[in-house]
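Here is input_24.cif, consisting of mmCIF, C-alpha atoms:
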```
data_protein
#
loop_
_atom_site.label_atom_id
_atom_site.label_comp_id
_atom_site.auth_asym_id
_atom_site.auth_seq_id
_atom_site.Cartn_x
_atom_site.Cartn_y
_atom_site.Cartn_z
CA MET A 220 37.05 196.03 43.48
CA GLY A 221 36.29 198.53 46.25
CA ASN A 222 34.42 201.00 44.05
CA GLN A 223 32.32 198.21 42.52
CA PHE A 224 30.57 197.40 45.80
CA ASN A 225 26.92 198.35 46.25
CA ASP A 226 27.51 200.20 49.47
CA ASN A 227 24.28 199.66 51.39
CA ARG A 228 22.78 196.64 49.65
CA PHE A 229 22.88 194.57 52.85
CA SER A 230 22.32 197.36 55.34
CA GLY A 231 20.56 195.97 58.41
CA ARG A 232 20.98 192.36 57.26
CA VAL A 233 22.71 189.56 59.15
CA ALA A 234 24.67 186.97 57.16
CA LEU A 235 26.26 183.66 58.11
CA VAL A 236 28.99 182.33 55.79
CA THR A 237 30.34 178.81 56.25
CA GLY A 238 33.92 178.19 55.15
CA GLY A 239 34.47 181.87 55.78
CA ALA A 240 38.12 181.60 56.81
CA SER A 241 39.44 181.27 53.24
CA GLY A 242 38.64 181.16 49.54
CA ILE A 243 35.14 181.85 48.24
CA GLY A 244 33.69 182.05 51.75
CA GLN A 245 36.22 184.64 52.87
CA ALA A 246 35.75 186.78 49.74
CA THR A 247 31.97 186.61 50.17
CA GLY A 248 32.10 187.55 53.84
CA ARG A 249 34.25 190.57 53.04
CA ARG A 250 31.92 191.73 50.31
CA LEU A 251 28.78 191.27 52.41
CA ARG A 252 30.37 193.34 55.16
CA ALA A 253 31.54 196.02 52.71
CA GLU A 254 27.94 196.28 51.52
CA GLY A 255 26.53 196.79 55.00
CA ALA A 256 25.79 193.36 56.49
CA ARG A 257 26.65 192.14 59.96
CA VAL A 258 28.61 188.99 59.13
CA ALA A 259 29.44 185.80 61.00
CA THR A 260 31.65 183.01 59.68
CA LEU A 261 31.52 179.34 60.62
CA ASP A 262 34.73 177.43 60.03
CA LEU A 263 36.85 174.76 61.69
CA ARG A 264 39.14 177.51 62.87
CA ALA A 265 37.68 180.73 64.20
CA GLU A 266 40.14 183.36 63.03
CA PRO A 267 39.09 186.75 64.37
CA SER A 268 38.70 189.12 61.47
CA ASP A 269 37.99 192.82 61.56
CA GLY A 270 34.28 193.33 62.08
CA LEU A 271 33.28 189.67 61.66
CA LEU A 272 31.97 187.27 64.28
CA ALA A 273 34.15 184.16 63.84
CA VAL A 274 32.52 180.97 65.12
CA ALA A 275 34.44 177.69 65.31
CA GLY A 276 32.57 174.54 64.38
CA ASP A 277 32.37 171.51 62.10
CA VAL A 278 29.55 171.70 59.55
CA SER A 279 29.43 167.89 59.39
CA ARG A 280 28.15 167.88 63.00
CA SER A 281 24.54 169.07 63.23
CA ALA A 282 24.99 170.02 66.90
CA ASP A 283 27.83 172.39 65.95
CA VAL A 284 25.68 173.93 63.22
CA ASP A 285 22.63 174.42 65.45
CA SER A 286 24.83 175.93 68.16
CA ALA A 287 26.47 178.32 65.66
CA VAL A 288 23.12 179.52 64.31
CA ASN A 289 21.86 180.12 67.84
CA ARG A 290 24.97 182.07 68.73
CA VAL A 291 24.84 184.25 65.62
CA GLU A 292 21.16 185.06 66.18
CA ARG A 293 21.87 185.85 69.83
CA GLU A 294 24.86 188.11 69.13
CA LEU A 295 24.08 189.69 65.75
CA GLY A 296 20.33 189.20 65.26
CA PRO A 297 18.09 187.01 63.10
CA ILE A 298 19.91 185.52 60.09
CA ASP A 299 18.73 186.90 56.74
CA VAL A 300 21.44 185.41 54.53
CA LEU A 301 23.16 182.01 54.61
CA VAL A 302 26.06 181.21 52.28
CA CYS A 303 27.32 177.61 52.40
CA ALA A 304 30.87 177.73 51.08
CA ALA A 305 32.51 175.19 53.40
CA GLY A 306 33.82 172.24 51.40
CA ILE A 307 36.74 169.93 50.73
CA PRO A 308 37.95 168.55 47.40
CA GLY A 309 38.80 165.09 48.67
CA ALA A 310 41.90 163.27 47.47
CA SER A 311 42.57 162.94 43.71
CA LEU A 312 41.90 159.20 43.41
CA PRO A 313 40.55 156.79 40.81
CA THR A 314 37.15 155.49 41.91
CA LEU A 315 38.49 151.99 42.58
CA GLU A 316 40.93 153.37 45.15
CA ILE A 317 38.51 155.48 47.21
CA SER A 318 38.17 154.06 50.72
CA ASP A 319 34.96 154.00 52.73
CA ASP A 320 36.43 156.60 55.07
CA GLU A 321 37.40 158.96 52.25
CA TRP A 322 33.93 158.69 50.67
CA ARG A 323 32.22 159.43 53.99
CA ARG A 324 34.61 162.29 54.83
CA VAL A 325 33.84 164.16 51.61
CA LEU A 326 30.08 163.54 51.69
CA ALA A 327 29.87 164.44 55.40
CA ILE A 328 31.28 167.92 54.88
CA ASN A 329 30.06 168.77 51.38
CA ALA A 330 26.56 167.25 51.44
CA ASP A 331 25.57 166.64 55.08
CA GLY A 332 27.05 170.01 56.06
CA VAL A 333 25.00 171.94 53.51
CA PHE A 334 21.83 170.14 54.59
CA TYR A 335 22.43 170.81 58.30
CA CYS A 336 23.16 174.50 57.68
CA ASN A 337 20.17 175.02 55.37
CA ARG A 338 17.84 173.29 57.83
CA ALA A 339 19.11 175.25 60.84
CA ALA A 340 19.05 178.70 59.22
CA ALA A 341 15.81 178.21 57.26
CA ARG A 342 13.75 177.53 60.39
CA GLY A 343 13.97 181.12 61.55
CA MET A 344 13.91 182.56 58.04
CA ALA A 345 10.64 180.80 57.14
CA GLU A 346 9.09 181.87 60.43
CA ARG A 347 9.99 185.50 59.75
CA GLY A 348 9.01 185.37 56.06
CA TYR A 349 12.36 186.38 54.55
CA GLY A 350 15.67 184.75 53.72
CA ARG A 351 18.28 184.14 51.06
CA ILE A 352 20.32 180.93 50.98
CA VAL A 353 23.16 180.38 48.51
CA ASN A 354 24.85 176.98 48.39
CA VAL A 355 28.20 176.52 46.67
CA ALA A 356 28.07 173.46 44.39
CA SER A 357 30.48 172.89 41.49
CA MET A 358 30.68 172.18 37.78
CA ALA A 359 31.83 168.72 38.95
CA GLY A 360 28.32 168.19 40.33
CA LYS A 361 26.86 168.60 36.84
CA GLU A 362 29.47 166.86 34.73
CA GLY A 363 31.39 164.57 37.09
CA ASN A 364 35.16 164.96 37.11
CA PRO A 365 37.51 161.98 36.85
CA MET A 366 39.62 161.35 39.94
CA ALA A 367 36.87 163.03 41.97
CA ALA A 368 33.93 160.64 42.39
CA ALA A 369 33.20 161.59 45.99
CA TYR A 370 33.53 165.33 45.35
CA SER A 371 31.41 165.16 42.18
CA ALA A 372 28.70 163.14 43.95
CA SER A 373 28.67 165.49 46.93
CA LYS A 374 28.22 168.53 44.71
CA ALA A 375 25.46 166.84 42.69
CA ALA A 376 23.78 166.31 46.06
CA VAL A 377 24.04 170.05 46.77
CA ILE A 378 22.36 170.86 43.45
CA ALA A 379 19.46 168.45 44.06
CA LEU A 380 19.14 169.52 47.69
CA THR A 381 18.93 173.16 46.61
CA LYS A 382 16.12 172.32 44.16
CA ALA A 383 14.17 170.41 46.80
CA ILE A 384 14.55 172.99 49.58
CA GLY A 385 13.81 175.81 47.13
CA LYS A 386 10.49 174.16 46.26
CA ASP A 387 9.69 173.40 49.91
CA LEU A 388 10.18 177.04 50.91
CA ALA A 389 8.99 178.73 47.71
CA ARG A 390 6.00 180.44 49.36
CA THR A 391 7.71 181.44 52.59
CA GLY A 392 9.81 184.36 51.33
CA VAL A 393 12.96 182.24 51.62
CA LEU A 394 14.78 181.75 48.31
CA VAL A 395 17.37 178.99 47.95
CA ASN A 396 19.79 178.89 45.02
CA CYS A 397 23.20 177.41 44.31
CA ILE A 398 26.16 178.21 42.15
CA ALA A 399 28.29 175.86 40.06
CA PRO A 400 31.77 177.31 39.65
CA ALA A 401 34.41 175.84 37.40
CA VAL A 402 37.86 175.74 39.00
CA VAL A 403 38.54 178.81 41.14
CA GLU A 404 41.92 179.90 42.46
CA THR A 405 41.56 179.19 46.19
CA PRO A 406 43.34 177.12 48.87
CA ILE A 407 40.99 174.17 48.13
CA LEU A 408 43.33 173.36 45.21
CA ASP A 409 46.25 172.67 47.54
CA GLY A 410 45.40 168.97 47.89
CA LEU A 411 44.91 168.31 44.18
CA THR A 412 47.43 167.03 41.67
CA GLN A 413 48.59 169.37 38.90
CA ALA A 414 47.10 166.95 36.35
CA HIS A 415 43.71 167.26 38.05
CA ILE A 416 43.91 171.08 37.97
CA ASP A 417 45.09 171.08 34.33
CA TYR A 418 42.14 168.87 33.36
CA MET A 419 39.74 171.46 34.77
CA VAL A 420 41.43 174.55 33.33
CA GLU A 421 41.73 173.00 29.86
CA ARG A 422 37.95 172.75 29.71
CA ILE A 423 37.36 176.47 30.36
CA PRO A 424 37.01 178.41 27.08
CA MET A 425 38.24 181.60 28.77
CA GLY A 426 41.45 179.67 29.49
CA ARG A 427 41.89 180.62 33.13
CA MET A 428 40.66 179.92 36.63
CA GLY A 429 38.06 182.14 38.22
CA THR A 430 38.80 184.28 41.27
CA ALA A 431 37.08 184.12 44.64
CA GLU A 432 36.02 187.76 44.21
CA GLU A 433 34.30 187.01 40.89
CA VAL A 434 32.33 184.22 42.55
CA ALA A 435 31.49 186.40 45.56
CA ALA A 436 29.91 188.96 43.22
CA LEU A 437 27.41 186.38 41.94
CA ILE A 438 26.74 185.00 45.42
CA CYS A 439 25.97 188.46 46.74
CA TRP A 440 23.42 189.15 44.01
CA LEU A 441 21.67 185.86 44.81
CA ALA A 442 21.79 186.81 48.50
CA CYS A 443 20.18 190.24 48.10
CA GLU A 444 16.57 191.43 47.90
CA GLU A 445 16.89 192.19 44.19
CA CYS A 446 16.93 188.43 43.56
CA SER A 447 13.21 187.90 43.99
CA PHE A 448 11.90 185.40 41.40
CA SER A 449 14.56 182.71 41.43
CA THR A 450 14.66 179.71 43.71
CA GLY A 451 15.91 176.15 43.41
CA ALA A 452 18.18 177.26 40.57
CA THR A 453 21.81 176.54 39.71
CA TYR A 454 23.86 179.44 38.40
CA ASP A 455 26.99 178.59 36.44
CA ILE A 456 30.13 180.66 36.84
CA SER A 457 32.48 178.72 34.64
CA GLY A 458 34.32 180.88 32.11
CA GLY A 459 32.20 179.24 29.41
CA ARG A 460 32.71 175.60 30.44
CA ALA A 461 29.06 174.91 31.28
CA VAL A 462 27.04 173.56 28.38
CA TYR A 463 23.66 173.17 30.12
#
```

Here is a file; write its structure as structure tokens.
Amino acid sequence: MGNQFNDNRFSGRVALVTGGASGIGQATGRRLRAEGARVATLDLRAEPSDGLLAVAGDVSRSADVDSAVNRVERELGPIDVLVCAAGIPGASLPTLEISDDEWRRVLAINADGVFYCNRAAARGMAERGYGRIVNVASMAGKEGNPMAAAYSASKAAVIALTKAIGKDLARTGVLVNCIAPAVVETPILDGLTQAHIDYMVERIPMGRMGTAEEVAALICWLACEECSFSTGATYDISGGRAVY
């Protein structure tokens, strides 16, 4: 992958990646840094990584998010790029067995967290007249997966939220888009049953899971200046699964 990077695409830019300690977030943070950005990650655990500012915080708490944004802007500079990759799959459960607590837990991180991060980062971006926000949704948010009512609903919320914020900020220079991956080989799968994973892979015409690096490549295009006439959109990265 190294020689496929666009070396200076993010030169002088500051990026904040949530969920940056693993999976899609980690791959995206690495690529942004390889292409010249100063990168901060926001995750429950702040694992120091070469050249990255690791901030510990819970995206489901707006105070943590506001504090993280303030710290990044203080230490690295104004945020130009926000990537919201923090998320949990929730337990593989039939709808009738989902508890109130499980529903709230998934929605708090996957939906509330994206809203809090978008709101906090967009304030400064809109003021300065430039920004790129990329939210990580899911194919489950478009189609609804069985055994995943809370996750599917939370990702549908991310898609609708992206459309609304994109329209709100459309004339500010801040572009807001989201991606809808099919199943990707990351640690988020650890809590799912094999039957749940098989269901998702069987529906991918390419017959395999995606990789975090493949998803990071799309995110980084949406996060760069070259993406200039797209906002409020959902980009599929699904190995052919998406049908609309």

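Of note, CA of Ala305 (chain A) and CA of Arg390 (chain A) are spaced 27.3 Å apart.
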
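Take CA of Gly360 (chain A) and CA of Ser457 (chain A): the distance between them is 12.7 Å.
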
#### Entry: Nearby residues (all atoms listed in the file) at most 12 Å from Glu421 (chain A), same-chain spacing under 6 positions excluded, as JSON, numbers by chain
{"A": [401, 402, 413, 414, 415, 427, 428, 457, 458, 459, 460]}

### Message
Taking 4 positions as the minimum chain separation for residues in the same chain, which residues sit within 9 Å of Ser371 (chain A) when counting all atoms listed in the file? Answer as number ranges by chain.
### Response
A: 357-365, 367, 375-376

### Query
Do you know which residues are at most 10 Å from Ala253 (chain A) counting all atoms listed in the file, after dropping those on the same chain fewer than 6 positions away, and could you put them as a VMD selection string?
chain A and resid 221 224 to 230 247

Please write the residues picked by the PyMOL selection byres ((chain A and resi 259) around 6) on this file as a CSV table (one decimal) with C-alpha atoms, in the coordinates of the input.
```
chain,number,residue,atom,x,y,z
A,235,LEU,CA,26.3,183.7,58.1
A,258,VAL,CA,28.6,189.0,59.1
A,260,THR,CA,31.6,183.0,59.7
A,271,LEU,CA,33.3,189.7,61.7
A,272,LEU,CA,32.0,187.3,64.3
A,273,ALA,CA,34.2,184.2,63.8
```

### Message
Report as number ranges by chain all protein, DNA and RNA residues lying within 10 Å of Ala287 (chain A), evaluated on only C-alpha atoms, omitting residues in the same chain fewer than 5 positions from it.
### Response
A: 235, 259-261, 273-278, 281-282, 292-293, 336, 339-340

How would the residues just chosen look if you wrote them out with C-alpha atoms as a compact mmCIF listing (two decimals), in the coordinates of the input?
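Output (part_24.txt):
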```
# COMPACT_ATOMS: atom_id res chain seq x y z
CA LEU A 235 26.26 183.66 58.11
CA ALA A 259 29.44 185.80 61.00
CA THR A 260 31.65 183.01 59.68
CA LEU A 261 31.52 179.34 60.62
CA ALA A 273 34.15 184.16 63.84
CA VAL A 274 32.52 180.97 65.12
CA ALA A 275 34.44 177.69 65.31
CA GLY A 276 32.57 174.54 64.38
CA ASP A 277 32.37 171.51 62.10
CA VAL A 278 29.55 171.70 59.55
CA SER A 281 24.54 169.07 63.23
CA ALA A 282 24.99 170.02 66.90
CA GLU A 292 21.16 185.06 66.18
CA ARG A 293 21.87 185.85 69.83
CA CYS A 336 23.16 174.50 57.68
CA ALA A 339 19.11 175.25 60.84
CA ALA A 340 19.05 178.70 59.22
```

### Task
Considering all atoms listed in the file, return as a list of chain:residue names whatever protein or nucleic-acid residues lie within 12 Å of Ala383 (chain A), sequence-local ones (same chain, fewer than 2 positions apart) excluded.
A:Phe334, A:Asn337, A:Arg338, A:Ala376, A:Val377, A:Ile378, A:Ala379, A:Leu380, A:Thr381, A:Gly385, A:Lys386, A:Asp387, A:Leu388, A:Ala389, A:Leu394, A:Val395, A:Asn396, A:Cys397, A:Thr450, A:Gly451, A:Ala452

Please produce an output containing C-alpha atoms for each residue in the selection, written as a short mmCIF file (atom, residue, chain, number, x, y, z; two decimals), in the frame of the given file.
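Final output, again28.cif:
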```cif
data_model
loop_
_atom_site.label_atom_id
_atom_site.label_comp_id
_atom_site.auth_asym_id
_atom_site.auth_seq_id
_atom_site.Cartn_x
_atom_site.Cartn_y
_atom_site.Cartn_z
CA PHE A 334 21.83 170.14 54.59
CA ASN A 337 20.17 175.02 55.37
CA ARG A 338 17.84 173.29 57.83
CA ALA A 376 23.78 166.31 46.06
CA VAL A 377 24.04 170.05 46.77
CA ILE A 378 22.36 170.86 43.45
CA ALA A 379 19.46 168.45 44.06
CA LEU A 380 19.14 169.52 47.69
CA THR A 381 18.93 173.16 46.61
CA GLY A 385 13.81 175.81 47.13
CA LYS A 386 10.49 174.16 46.26
CA ASP A 387 9.69 173.40 49.91
CA LEU A 388 10.18 177.04 50.91
CA ALA A 389 8.99 178.73 47.71
CA LEU A 394 14.78 181.75 48.31
CA VAL A 395 17.37 178.99 47.95
CA ASN A 396 19.79 178.89 45.02
CA CYS A 397 23.20 177.41 44.31
CA THR A 450 14.66 179.71 43.71
CA GLY A 451 15.91 176.15 43.41
CA ALA A 452 18.18 177.26 40.57
#
```
